[in-house]
file my_file-v7.txt (compact mmCIF, C-alpha atoms and all ligand atoms)
# COMPACT_ATOMS: atom_id res chain seq x y z
CA MET J 25 119.09 91.60 102.13
CA ILE J 26 116.00 89.96 100.78
CA ILE J 27 112.79 91.99 100.49
CA ASP J 28 110.20 89.52 101.73
CA GLY J 29 107.14 90.29 99.61
CA LYS J 30 105.15 87.49 101.22
CA GLU J 31 105.59 88.99 104.67
CA ILE J 32 104.92 92.60 103.59
CA ALA J 33 101.80 91.44 101.72
CA LYS J 34 100.61 89.49 104.77
CA LYS J 35 100.91 92.60 106.96
CA LEU J 36 99.04 94.66 104.35
CA ARG J 37 96.22 92.09 104.18
CA SER J 38 95.99 91.96 107.94
CA SER J 39 95.77 95.76 108.16
CA ILE J 40 93.01 95.72 105.48
CA ALA J 41 91.12 92.97 107.36
CA LYS J 42 91.19 95.08 110.55
CA GLN J 43 89.76 98.09 108.70
CA VAL J 44 87.08 95.95 107.00
CA ALA J 45 86.00 94.48 110.36
CA LYS J 46 84.89 97.99 111.43
CA LEU J 47 82.76 98.65 108.32
CA ASP J 48 78.96 98.30 108.12
CA ARG J 49 79.04 97.21 104.47
CA LYS J 50 81.70 94.90 103.07
CA PRO J 51 83.82 96.23 100.17
CA GLY J 52 82.95 94.22 97.05
CA LEU J 53 85.25 93.02 94.26
CA ALA J 54 84.07 91.39 91.03
CA VAL J 55 86.56 89.49 88.89
CA ILE J 56 85.59 88.46 85.36
CA LEU J 57 87.39 85.53 83.78
CA VAL J 58 86.76 84.77 80.11
CA GLY J 59 87.58 81.20 79.02
CA ASP J 60 89.50 78.60 80.97
CA ASP J 61 93.18 79.48 80.61
CA PRO J 62 94.74 77.58 83.55
CA ALA J 63 97.18 80.36 84.59
CA SER J 64 94.41 82.99 84.54
CA ALA J 65 92.11 80.66 86.49
CA VAL J 66 94.78 80.32 89.22
CA TYR J 67 95.19 84.12 89.42
CA VAL J 68 91.41 84.60 89.69
CA ARG J 69 91.12 81.91 92.38
CA ASN J 70 93.95 83.54 94.37
CA LYS J 71 92.23 86.93 94.15
CA ASP J 72 88.93 85.41 95.29
CA ASN J 73 90.63 83.67 98.24
CA ALA J 74 92.42 86.89 99.22
CA CYS J 75 89.05 88.72 99.21
CA LYS J 76 87.56 86.13 101.53
CA GLU J 77 90.57 86.32 103.86
CA VAL J 78 90.13 90.06 104.45
CA GLY J 79 86.33 89.91 104.69
CA PHE J 80 85.40 91.39 101.31
CA TYR J 81 82.27 90.50 99.35
CA SER J 82 83.59 88.83 96.20
CA GLU J 83 82.07 87.70 92.89
CA LYS J 84 83.99 85.38 90.59
CA ILE J 85 82.32 85.57 87.18
CA ASN J 86 83.25 82.94 84.58
CA LYS J 87 82.29 83.67 81.00
CA PRO J 88 82.64 81.27 78.05
CA LEU J 89 85.58 81.62 75.68
CA ASP J 90 83.23 82.55 72.81
CA ILE J 91 81.49 85.42 74.63
CA THR J 92 80.82 88.37 72.32
CA GLN J 93 82.24 91.83 72.91
CA ALA J 94 78.69 93.17 73.38
CA ALA J 95 77.87 90.56 76.04
CA LEU J 96 81.10 91.26 77.92
CA LEU J 97 80.46 95.02 77.83
CA ALA J 98 76.92 94.38 79.13
CA GLU J 99 78.37 92.40 82.06
CA VAL J 100 80.75 95.28 82.89
CA GLU J 101 77.82 97.70 82.73
CA ARG J 102 75.79 95.52 85.09
CA LEU J 103 78.67 95.58 87.60
CA ASN J 104 79.12 99.34 87.15
CA LYS J 105 75.55 99.73 88.39
CA ASP J 106 75.74 97.10 91.15
CA ASP J 107 75.91 98.86 94.54
CA LYS J 108 77.52 95.86 96.23
CA ILE J 109 80.51 96.12 93.89
CA ASP J 110 83.30 98.66 94.54
CA GLY J 111 85.94 97.15 92.27
CA ILE J 112 85.77 95.47 88.86
CA LEU J 113 88.66 93.54 87.38
CA VAL J 114 88.71 91.85 84.00
CA GLN J 115 91.42 89.19 84.00
CA LEU J 116 93.86 89.77 81.11
CA PRO J 117 94.77 88.64 78.54
CA LEU J 118 91.38 88.33 76.83
CA PRO J 119 90.87 86.00 73.84
CA SER J 120 91.96 87.65 70.59
CA HIS J 121 88.41 88.22 69.24
CA LEU J 122 87.76 90.65 72.13
CA ASP J 123 88.94 94.27 72.35
CA ALA J 124 90.52 94.49 75.82
CA ASN J 125 91.03 98.23 75.58
CA GLN J 126 87.34 98.88 74.93
CA VAL J 127 86.41 96.63 77.87
CA ILE J 128 88.78 98.48 80.22
CA GLU J 129 87.41 101.83 79.09
CA ALA J 130 83.86 100.59 79.82
CA ILE J 131 84.66 100.07 83.52
CA ASN J 132 83.56 102.97 85.72
CA PRO J 133 86.94 104.65 86.51
CA ASN J 134 85.92 104.80 90.18
CA LYS J 135 85.62 100.99 90.18
CA ASP J 136 88.74 100.40 88.05
CA VAL J 137 90.82 98.71 90.77
CA ASP J 138 93.47 97.60 88.23
CA GLY J 139 94.12 101.28 87.48
CA PHE J 140 94.21 100.64 83.72
CA HIS J 141 91.39 102.99 82.62
CA SER J 142 92.76 106.01 80.74
CA GLU J 143 91.29 108.34 83.39
CA ASN J 144 93.33 106.64 86.14
CA VAL J 145 96.42 106.41 83.91
CA GLY J 146 96.09 110.17 83.25
CA LYS J 147 95.73 110.94 86.95
CA LEU J 148 98.92 108.99 87.71
CA MET J 149 100.71 110.89 84.91
CA GLN J 150 99.59 114.18 86.46
CA ASN J 151 100.78 113.04 89.90
CA LYS J 152 97.20 113.21 91.19
CA PRO J 153 96.64 109.45 91.41
CA HIS J 154 93.41 107.79 92.48
CA LEU J 155 93.40 104.06 91.60
CA ARG J 156 96.98 103.04 90.77
CA PRO J 157 98.07 99.90 88.85
CA CYS J 158 98.60 97.16 91.42
CA THR J 159 102.06 95.79 90.59
CA PRO J 160 103.90 99.15 90.47
CA LYS J 161 102.02 100.37 93.54
CA GLY J 162 102.98 97.16 95.34
CA VAL J 163 106.62 97.80 94.43
CA MET J 164 106.34 101.31 95.92
CA THR J 165 104.99 99.78 99.13
CA MET J 166 107.99 97.42 99.24
CA LEU J 167 110.41 100.32 98.72
CA ALA J 168 108.67 102.31 101.46
CA THR J 169 108.86 99.30 103.80
CA ILE J 170 112.66 99.07 103.47
CA GLY J 171 112.79 102.81 104.14
CA VAL J 172 114.42 104.03 100.94
CA ASP J 173 114.10 107.72 100.08
CA LEU J 174 113.80 107.78 96.28
CA THR J 175 114.43 111.53 95.94
CA SER J 176 117.30 112.08 93.45
CA LYS J 177 117.95 108.35 93.08
CA ASN J 178 118.83 107.02 89.61
CA CYS J 179 116.15 104.47 88.80
CA VAL J 180 116.14 102.23 85.75
CA VAL J 181 112.92 100.47 84.74
CA VAL J 182 113.46 97.64 82.25
CA GLY J 183 110.21 97.00 80.36
CA ALA J 184 107.64 99.54 79.22
CA SER J 185 104.28 97.74 79.22
CA ASN J 186 101.08 99.56 80.18
CA ILE J 187 100.58 97.14 83.06
CA VAL J 188 103.99 97.36 84.72
CA GLY J 189 106.87 99.31 83.14
CA ARG J 190 105.18 102.61 82.25
CA PRO J 191 103.18 103.10 85.47
CA MET J 192 106.25 101.93 87.44
CA ALA J 193 108.33 104.68 85.85
CA MET J 194 105.63 107.23 86.66
CA GLU J 195 105.42 106.10 90.30
CA LEU J 196 109.20 106.55 90.65
CA LEU J 197 109.09 109.95 88.95
CA ASN J 198 106.25 111.00 91.29
CA ALA J 199 108.59 110.05 94.16
CA ARG J 200 111.14 112.56 92.73
CA ALA J 201 113.55 109.97 91.35
CA THR J 202 115.40 110.36 88.04
CA VAL J 203 114.01 107.65 85.81
CA THR J 204 115.27 105.83 82.72
CA ILE J 205 112.77 103.56 80.93
CA CYS J 206 114.21 100.77 78.76
CA ASN J 207 112.52 98.62 76.13
CA SER J 208 113.52 95.94 73.64
CA LYS J 209 115.24 98.52 71.40
CA THR J 210 117.38 100.03 74.18
CA GLN J 211 121.07 99.99 73.32
CA ASP J 212 123.70 98.90 75.82
CA LEU J 213 121.25 97.99 78.58
CA SER J 214 124.01 96.81 80.91
CA SER J 215 125.69 100.24 81.05
CA LYS J 216 122.35 101.85 81.98
CA ILE J 217 121.78 99.33 84.76
CA LYS J 218 125.32 99.87 86.05
CA GLN J 219 124.37 103.50 86.81
CA ALA J 220 121.20 102.59 88.71
CA ASP J 221 120.60 102.96 92.43
CA VAL J 222 117.27 101.17 91.92
CA VAL J 223 116.54 98.68 89.13
CA VAL J 224 113.02 97.42 88.42
CA VAL J 225 112.82 94.68 85.81
CA ALA J 226 109.56 93.63 84.11
CA VAL J 227 110.37 91.93 80.82
CA GLY J 228 109.50 88.22 80.99
CA LYS J 229 112.91 86.74 80.08
CA SER J 230 114.43 84.42 82.64
CA LYS J 231 117.68 85.64 84.27
CA MET J 232 118.39 88.22 81.52
CA ILE J 233 119.82 90.74 84.03
CA LYS J 234 123.27 89.56 85.13
CA GLY J 235 124.79 90.13 88.54
CA ASP J 236 127.83 91.98 87.20
CA TRP J 237 125.51 94.63 85.65
CA ILE J 238 124.32 95.62 89.12
CA LYS J 239 125.98 98.57 90.88
CA ASP J 240 127.31 97.75 94.36
CA GLY J 241 124.59 98.44 96.90
CA ALA J 242 121.76 98.89 94.38
CA ILE J 243 118.17 97.89 95.13
CA VAL J 244 116.90 95.25 92.69
CA ILE J 245 113.19 94.63 92.16
CA ASP J 246 112.38 91.67 89.95
CA VAL J 247 108.82 91.70 88.62
CA GLY J 248 109.36 88.95 86.04
CA ILE J 249 107.70 85.58 86.42
CA ASN J 250 109.01 82.89 84.07
CA ARG J 251 108.09 79.22 84.22
CA LEU J 252 111.11 77.03 83.47
CA ASP J 253 111.02 73.62 81.76
CA ASP J 254 111.28 71.83 85.12
CA GLY J 255 108.12 73.65 86.29
CA SER J 256 109.93 75.99 88.70
CA LEU J 257 109.61 79.80 88.57
CA SER J 258 112.41 82.24 87.88
CA GLY J 259 112.62 86.00 87.67
CA ASP J 260 114.16 88.25 85.02
CA VAL J 261 117.22 88.80 87.24
CA ASP J 262 119.97 86.23 87.75
CA PHE J 263 119.30 86.17 91.48
CA ASP J 264 122.34 84.09 92.52
CA THR J 265 124.88 86.55 91.08
CA ALA J 266 122.84 89.73 91.66
CA GLN J 267 122.34 89.12 95.37
CA ASP J 268 126.11 89.50 95.94
CA LYS J 269 125.99 93.06 94.53
CA ALA J 270 122.59 94.35 95.67
CA SER J 271 121.86 95.88 99.07
CA TRP J 272 118.23 94.74 98.74
CA ILE J 273 116.73 92.29 96.28
CA THR J 274 113.34 90.65 95.73
CA PRO J 275 113.16 86.87 95.22
CA VAL J 276 110.95 85.07 92.66
CA PRO J 277 108.66 83.62 93.84
CA GLY J 278 107.82 85.40 97.09
CA GLY J 279 108.73 88.93 96.01
CA VAL J 280 106.54 91.23 93.94
CA GLY J 281 103.90 88.57 93.15
CA PRO J 282 102.17 88.50 96.57
CA MET J 283 102.24 92.32 96.68
CA THR J 284 100.17 92.60 93.51
CA ILE J 285 97.16 90.80 95.01
CA ALA J 286 97.45 92.56 98.37
CA THR J 287 97.53 95.89 96.51
CA LEU J 288 94.41 94.91 94.57
CA LEU J 289 92.65 94.55 97.94
CA GLU J 290 94.06 97.91 99.02
CA ASN J 291 92.74 99.51 95.82
CA THR J 292 89.30 97.97 96.38
CA LEU J 293 89.23 99.48 99.87
CA THR J 294 90.28 102.85 98.39
CA ALA J 295 87.47 102.61 95.80
CA TYR J 296 85.00 101.64 98.56
CA THR J 297 86.03 104.59 100.76
CA ALA J 298 85.77 107.04 97.86
CA ARG J 299 82.26 105.77 97.01
CA GLU J 300 81.10 105.91 100.63
CA GLU J 301 82.36 109.48 100.99
CA LYS J 302 80.36 110.65 97.95
P1 LIG J 401 105.07 92.68 78.28
O1 LIG J 401 105.45 91.55 77.39
O2 LIG J 401 103.77 93.36 78.07
O3 LIG J 401 106.21 93.79 78.21
C1 LIG J 401 107.56 93.45 78.22
C2 LIG J 401 108.39 94.69 78.09
O4 LIG J 401 109.76 94.29 78.12
C3 LIG J 401 108.18 95.45 76.77
O5 LIG J 401 108.12 96.83 77.03
C4 LIG J 401 109.41 95.10 75.95
O6 LIG J 401 109.85 96.12 75.09
C5 LIG J 401 110.45 94.91 77.05
N1 LIG J 401 111.58 94.09 76.61
C6 LIG J 401 111.55 92.92 75.92
N2 LIG J 401 112.80 92.48 75.71
C7 LIG J 401 113.64 93.39 76.26
C8 LIG J 401 115.04 93.51 76.34
N3 LIG J 401 115.87 92.58 75.81
N4 LIG J 401 115.56 94.59 76.97
C9 LIG J 401 114.76 95.54 77.51
N5 LIG J 401 113.41 95.47 77.46
C10 LIG J 401 112.86 94.42 76.83
O7 LIG J 401 105.18 92.10 79.75
P2 LIG J 401 104.52 92.60 81.15
O8 LIG J 401 105.00 93.96 81.49
O9 LIG J 401 103.08 92.30 81.17
O10 LIG J 401 105.22 91.55 82.15
C11 LIG J 401 106.63 91.49 82.30
C12 LIG J 401 106.98 90.36 83.24
O11 LIG J 401 106.42 90.65 84.52
C13 LIG J 401 106.41 88.99 82.87
O12 LIG J 401 107.34 87.99 83.27
C14 LIG J 401 105.15 88.88 83.67
O13 LIG J 401 104.81 87.54 83.94
C15 LIG J 401 105.58 89.58 84.94
N6 LIG J 401 104.47 90.16 85.72
C16 LIG J 401 104.51 89.93 87.06
C17 LIG J 401 103.55 90.47 87.87
C18 LIG J 401 103.66 90.24 89.32
O14 LIG J 401 102.69 90.41 90.01
N7 LIG J 401 104.83 89.88 89.84
C19 LIG J 401 102.43 91.25 87.33
C20 LIG J 401 102.52 91.50 85.90
C21 LIG J 401 103.52 90.95 85.13
P3 LIG J 401 108.99 96.70 73.84
O15 LIG J 401 108.08 97.71 74.47
O16 LIG J 401 110.03 97.29 72.96
O17 LIG J 401 108.27 95.51 73.26
call {"tool": "encode", "arguments": {"input": "my_file-v7.txt", "output": "structure tokens", "more": "lines below"}}
Ligand code: NDP
result
Amino acid sequence: MIIDGKEIAKKLRSSIAKQVAKLDRKPGLAVILVGDDPASAVYVRNKDNACKEVGFYSEKINKPLDITQAALLAEVERLNKDDKIDGILVQLPLPSHLDANQVIEAINPNKDVDGFHSENVGKLMQNKPHLRPCTPKGVMTMLATIGVDLTSKNCVVVGASNIVGRPMAMELLNARATVTICNSKTQDLSSKIKQADVVVVAVGKSKMIKGDWIKDGAIVIDVGINRLDDGSLSGDVDFDTAQDKASWITPVPGGVGPMTIATLLENTLTAYTAREEK
């Protein structure tokens, strides 16, 4: 069966909108975009539109490509102090003259709705999470929606980036699964995937995971987004062959992608609630 990320994300947004309607102050999200990379601009526009849909206050901040590190840090500091803002997101990747890690660390961890600040990464590692990275958290929401109990399941995460693979593995471990994390140096990837009850793939290589690597009845979550020469999108999993083996599988597009933005809204509401309770 297909896991319909679009539908699950829509329900999540609608639940957030209902909660926001009852609040005196609107939760606020600020998104900083440096430069004019077209793909990043689309992501930022989608985030801004999603904020408006659920009734958030939203600030879309465009900075020139040649902004200095000091000026970008000053902007983050301004937003840290801005009472209307509950969540701050700096759209990645940043131009190469900027130090993304230093910028992330400058965000107040209580406003770090991407969950990339070392304080939030550490809390996830300790299984005491506060703000959790959006894509892996969105995947956990999808798994909860289909009703899978992850306890004792063999889970294989393919990809080990800070944004997806590593926090994904930690989320699954926190759910009491047994987790294998693979990277570009992993040997005999197919035999590892053949053992997996749940496979999460976040690599960025179109259709690299073949259907005959998938165990019968496994759950397959495809995080990859690859633009093909004809302009269409494909995932990291060869969907046509994998869907015959999997019990549940996410499509690309319409799978994990919509969950990431809905989870960003969820994180902003979490950050808002935590600030209001202080
Ligand atoms: P990165 O390039 O940062 O990381 C890729 C990871 O894949 C690395 O850990 C790398 O290993 C590993 N890898 C590369 N080749 C192989 C291989 N042959 N076998 C096993 N592992 C391999 O990518 P991201 O994590 O940022 O993104 C991954 C994909 O997910 C992309 O397509 C991206 O567009 C998509 N994405 C989708 C999102 C969504 O909302 N749906 C959100 C974020 C990303 P090593 O560590 O050894 O280099």
call {"tool": "closest_atom_pairs", "arguments": {"input": "my_file-v7.txt", "of": "region 114-135 of chain J", "to": "region 78-87 of chain J", "cutoff": "12 Å", "atoms": "all atoms listed in the file", "output": "CSV"}}
result
residue,atom,partner,partner_atom,distance
J:Val114,CA,J:Ile85,CA,9.5
J:Gln115,CA,J:Ile85,CA,10.3
J:Leu118,CA,J:Lys87,CA,11.0
J:Pro119,CA,J:Lys87,CA,11.4
call {"tool": "residues_near_ligand", "arguments": {"input": "my_file-v7.txt", "ligand": "ligand LIG 401 (chain J)", "cutoff": "9 Å", "atoms": "all atoms listed in the file", "output": "count of residues only"}}
result
47
call {"tool": "residues_around", "arguments": {"input": "my_file-v7.txt", "residues": "Arg299 (chain J)", "least_positions_apart": "6", "cutoff": "12 Å", "atoms": "all atoms listed in the file", "output": "VMD selection string"}}
result
chain J and resid 49 51 to 52 107 to 111 132 to 135 292 to 293
call {"tool": "write_last_selection", "arguments": {"input": "my_file-v7.txt", "atoms": "C-alpha atoms", "output": "compact mmCIF listing (two decimals), keeping the file's coordinate frame"}}
result
# COMPACT_ATOMS: atom_id res chain seq x y z
CA ARG J 49 79.04 97.21 104.47
CA PRO J 51 83.82 96.23 100.17
CA GLY J 52 82.95 94.22 97.05
CA ASP J 107 75.91 98.86 94.54
CA LYS J 108 77.52 95.86 96.23
CA ILE J 109 80.51 96.12 93.89
CA ASP J 110 83.30 98.66 94.54
CA GLY J 111 85.94 97.15 92.27
CA ASN J 132 83.56 102.97 85.72
CA PRO J 133 86.94 104.65 86.51
CA ASN J 134 85.92 104.80 90.18
CA LYS J 135 85.62 100.99 90.18
CA THR J 292 89.30 97.97 96.38
CA LEU J 293 89.23 99.48 99.87
call {"tool": "residues_around", "arguments": {"input": "my_file-v7.txt", "residues": "Asp236 (chain J)", "least_positions_apart": "4", "cutoff": "10 Å", "atoms": "all atoms listed in the file", "output": "list in words"}}
result
Ser214, Ile217, Lys218, Asp240, Asp262, Thr265, Ala266, Asp268 and Lys269 of chain J
call {"tool": "residues_around", "arguments": {"input": "my_file-v7.txt", "residues": "Gln219 (chain J)", "least_positions_apart": "2", "cutoff": "8 Å", "atoms": "only C-alpha atoms", "output": "list of chain:residue names"}}
result
J:Asn178, J:Ser215, J:Lys216, J:Ile217, J:Asp221, J:Lys239
call {"tool": "axis_aligned_box", "arguments": {"input": "my_file-v7.txt", "around": "region 106-114 of chain J", "padding_each_side": "5 Å", "output": "lines of an AutoDock Vina configuration file"}}
result
center_x = 82.2
center_y = 95.4
center_z = 90.1
size_x = 23.0
size_y = 17.0
size_z = 22.2
call {"tool": "residues_around", "arguments": {"input": "my_file-v7.txt", "residues": "Gly278 (chain J)", "least_positions_apart": "3", "cutoff": "8 Å", "atoms": "all atoms listed in the file", "output": "list in words"}}
result
Asp28, Gly29, Lys30, Thr274, Pro275, Gly281 and Pro282 of chain J
call {"tool": "closest_residue", "arguments": {"input": "my_file-v7.txt", "among": "J:Gly255, J:Tyr296, J:Ile245, J:Val145", "to": "Ile26 (chain J)", "atoms": "all atoms listed in the file"}}
result
J:Ile245
call {"tool": "closest_residue", "arguments": {"input": "my_file-v7.txt", "among": "J:Ser256, J:Asn70, J:Asn104, J:Ser120", "to": "Leu89 (chain J)", "atoms": "only C-alpha atoms"}}
result
J:Ser120
call {"tool": "atom_distance", "arguments": {"input": "my_file-v7.txt", "atom1": "CA of Arg102 (chain J)", "atom2": "CA of Lys302 (chain J)"}}
result
20.4 Å
call {"tool": "closest_residue", "arguments": {"input": "my_file-v7.txt", "among": "J:Glu143, J:Asp90, J:Lys152, J:Val224", "to": "Val203 (chain J)", "atoms": "all atoms listed in the file"}}
result
J:Val224
call {"tool": "residues_near_point", "arguments": {"input": "my_file-v7.txt", "point": "(121.0, 91.4, 88.3)", "cutoff": "6 Å", "atoms": "only C-alpha atoms", "output": "ChimeraX atom specification"}}
result
/J:233-235,238,261-262,266
call {"tool": "atom_distance", "arguments": {"input": "my_file-v7.txt", "atom1": "CA of Ala242 (chain J)", "atom2": "CA of Val222 (chain J)"}}
result
5.6 Å
call {"tool": "build_atoms", "arguments": {"input": "my_file-v7.txt", "residues": "region 209-219 of chain J", "atoms": "all heavy atoms", "output": "PDB file, in the coordinates of the input"}}
result
ATOM      1  N   LYS J 209     114.334  97.845  72.350  1.00  0.00           N
ATOM      2  CA  LYS J 209     115.240  98.520  71.400  1.00  0.00           C
ATOM      3  C   LYS J 209     116.348  99.296  72.114  1.00  0.00           C
ATOM      4  O   LYS J 209     117.167  99.957  71.459  1.00  0.00           O
ATOM      5  CB  LYS J 209     114.442  99.502  70.519  1.00  0.00           C
ATOM      6  CG  LYS J 209     113.267  98.883  69.796  1.00  0.00           C
ATOM      7  CD  LYS J 209     113.730  97.912  68.729  1.00  0.00           C
ATOM      8  CE  LYS J 209     112.531  97.312  68.006  1.00  0.00           C
ATOM      9  NZ  LYS J 209     112.820  95.984  67.489  1.00  0.00           N
ATOM     10  N   THR J 210     116.363  99.275  73.427  1.00  0.00           N
ATOM     11  CA  THR J 210     117.380 100.030  74.180  1.00  0.00           C
ATOM     12  C   THR J 210     118.777  99.482  73.859  1.00  0.00           C
ATOM     13  O   THR J 210     118.988  98.268  73.845  1.00  0.00           O
ATOM     14  CB  THR J 210     117.108  99.908  75.691  1.00  0.00           C
ATOM     15  OG1 THR J 210     115.850 100.515  75.955  1.00  0.00           O
ATOM     16  CG2 THR J 210     118.188 100.593  76.523  1.00  0.00           C
ATOM     17  N   GLN J 211     119.698 100.413  73.613  1.00  0.00           N
ATOM     18  CA  GLN J 211     121.070  99.990  73.320  1.00  0.00           C
ATOM     19  C   GLN J 211     121.887  99.975  74.608  1.00  0.00           C
ATOM     20  O   GLN J 211     121.718 100.834  75.464  1.00  0.00           O
ATOM     21  CB  GLN J 211     121.708 100.959  72.324  1.00  0.00           C
ATOM     22  CG  GLN J 211     121.092 100.809  70.948  1.00  0.00           C
ATOM     23  CD  GLN J 211     121.692 101.766  69.943  1.00  0.00           C
ATOM     24  OE1 GLN J 211     122.821 102.231  70.108  1.00  0.00           O
ATOM     25  NE2 GLN J 211     120.942 102.060  68.915  1.00  0.00           N
ATOM     26  N   ASP J 212     122.761  99.005  74.704  1.00  0.00           N
ATOM     27  CA  ASP J 212     123.700  98.900  75.820  1.00  0.00           C
ATOM     28  C   ASP J 212     122.988  98.966  77.184  1.00  0.00           C
ATOM     29  O   ASP J 212     123.265  99.823  78.018  1.00  0.00           O
ATOM     30  CB  ASP J 212     124.755 100.011  75.701  1.00  0.00           C
ATOM     31  CG  ASP J 212     126.007  99.655  76.501  1.00  0.00           C
ATOM     32  OD1 ASP J 212     126.045  98.532  77.054  1.00  0.00           O
ATOM     33  OD2 ASP J 212     126.906 100.504  76.589  1.00  0.00           O
ATOM     34  N   LEU J 213     122.051  98.046  77.352  1.00  0.00           N
ATOM     35  CA  LEU J 213     121.250  97.990  78.580  1.00  0.00           C
ATOM     36  C   LEU J 213     122.129  97.873  79.822  1.00  0.00           C
ATOM     37  O   LEU J 213     121.882  98.525  80.840  1.00  0.00           O
ATOM     38  CB  LEU J 213     120.287  96.792  78.472  1.00  0.00           C
ATOM     39  CG  LEU J 213     119.331  96.566  79.622  1.00  0.00           C
ATOM     40  CD1 LEU J 213     118.341  97.724  79.738  1.00  0.00           C
ATOM     41  CD2 LEU J 213     118.563  95.247  79.442  1.00  0.00           C
ATOM     42  N   SER J 214     123.198  97.068  79.710  1.00  0.00           N
ATOM     43  CA  SER J 214     124.010  96.810  80.910  1.00  0.00           C
ATOM     44  C   SER J 214     124.621  98.103  81.449  1.00  0.00           C
ATOM     45  O   SER J 214     124.675  98.316  82.660  1.00  0.00           O
ATOM     46  CB  SER J 214     125.087  95.770  80.627  1.00  0.00           C
ATOM     47  OG  SER J 214     125.985  96.258  79.670  1.00  0.00           O
ATOM     48  N   SER J 215     125.046  99.011  80.553  1.00  0.00           N
ATOM     49  CA  SER J 215     125.690 100.240  81.050  1.00  0.00           C
ATOM     50  C   SER J 215     124.653 101.139  81.740  1.00  0.00           C
ATOM     51  O   SER J 215     124.984 101.866  82.684  1.00  0.00           O
ATOM     52  CB  SER J 215     126.394 100.999  79.925  1.00  0.00           C
ATOM     53  OG  SER J 215     125.452 101.600  79.101  1.00  0.00           O
ATOM     54  N   LYS J 216     123.400 101.071  81.300  1.00  0.00           N
ATOM     55  CA  LYS J 216     122.350 101.850  81.980  1.00  0.00           C
ATOM     56  C   LYS J 216     122.099 101.279  83.371  1.00  0.00           C
ATOM     57  O   LYS J 216     121.974 102.020  84.358  1.00  0.00           O
ATOM     58  CB  LYS J 216     121.074 101.854  81.153  1.00  0.00           C
ATOM     59  CG  LYS J 216     121.322 102.594  79.839  1.00  0.00           C
ATOM     60  CD  LYS J 216     120.123 102.862  79.029  1.00  0.00           C
ATOM     61  CE  LYS J 216     120.463 103.816  77.895  1.00  0.00           C
ATOM     62  NZ  LYS J 216     121.671 103.462  77.104  1.00  0.00           N
ATOM     63  N   ILE J 217     122.058  99.972  83.461  1.00  0.00           N
ATOM     64  CA  ILE J 217     121.780  99.330  84.760  1.00  0.00           C
ATOM     65  C   ILE J 217     122.951  99.579  85.724  1.00  0.00           C
ATOM     66  O   ILE J 217     122.737  99.758  86.928  1.00  0.00           O
ATOM     67  CB  ILE J 217     121.489  97.834  84.545  1.00  0.00           C
ATOM     68  CG1 ILE J 217     120.138  97.719  83.816  1.00  0.00           C
ATOM     69  CG2 ILE J 217     121.461  97.064  85.857  1.00  0.00           C
ATOM     70  CD1 ILE J 217     119.727  96.347  83.427  1.00  0.00           C
ATOM     71  N   LYS J 218     124.151  99.637  85.184  1.00  0.00           N
ATOM     72  CA  LYS J 218     125.320  99.870  86.050  1.00  0.00           C
ATOM     73  C   LYS J 218     125.278 101.225  86.749  1.00  0.00           C
ATOM     74  O   LYS J 218     125.959 101.436  87.753  1.00  0.00           O
ATOM     75  CB  LYS J 218     126.618  99.732  85.227  1.00  0.00           C
ATOM     76  CG  LYS J 218     127.008  98.271  85.001  1.00  0.00           C
ATOM     77  CD  LYS J 218     128.236  98.127  84.121  1.00  0.00           C
ATOM     78  CE  LYS J 218     128.490  96.641  83.857  1.00  0.00           C
ATOM     79  NZ  LYS J 218     129.359  96.394  82.712  1.00  0.00           N
ATOM     80  N   GLN J 219     124.490 102.173  86.195  1.00  0.00           N
ATOM     81  CA  GLN J 219     124.370 103.500  86.810  1.00  0.00           C
ATOM     82  C   GLN J 219     123.259 103.558  87.869  1.00  0.00           C
ATOM     83  O   GLN J 219     123.098 104.572  88.547  1.00  0.00           O
ATOM     84  CB  GLN J 219     123.966 104.555  85.759  1.00  0.00           C
ATOM     85  CG  GLN J 219     124.831 104.600  84.520  1.00  0.00           C
ATOM     86  CD  GLN J 219     126.177 105.195  84.823  1.00  0.00           C
ATOM     87  OE1 GLN J 219     126.268 106.150  85.585  1.00  0.00           O
ATOM     88  NE2 GLN J 219     127.229 104.608  84.288  1.00  0.00           N
TER      89      GLN J 219
END
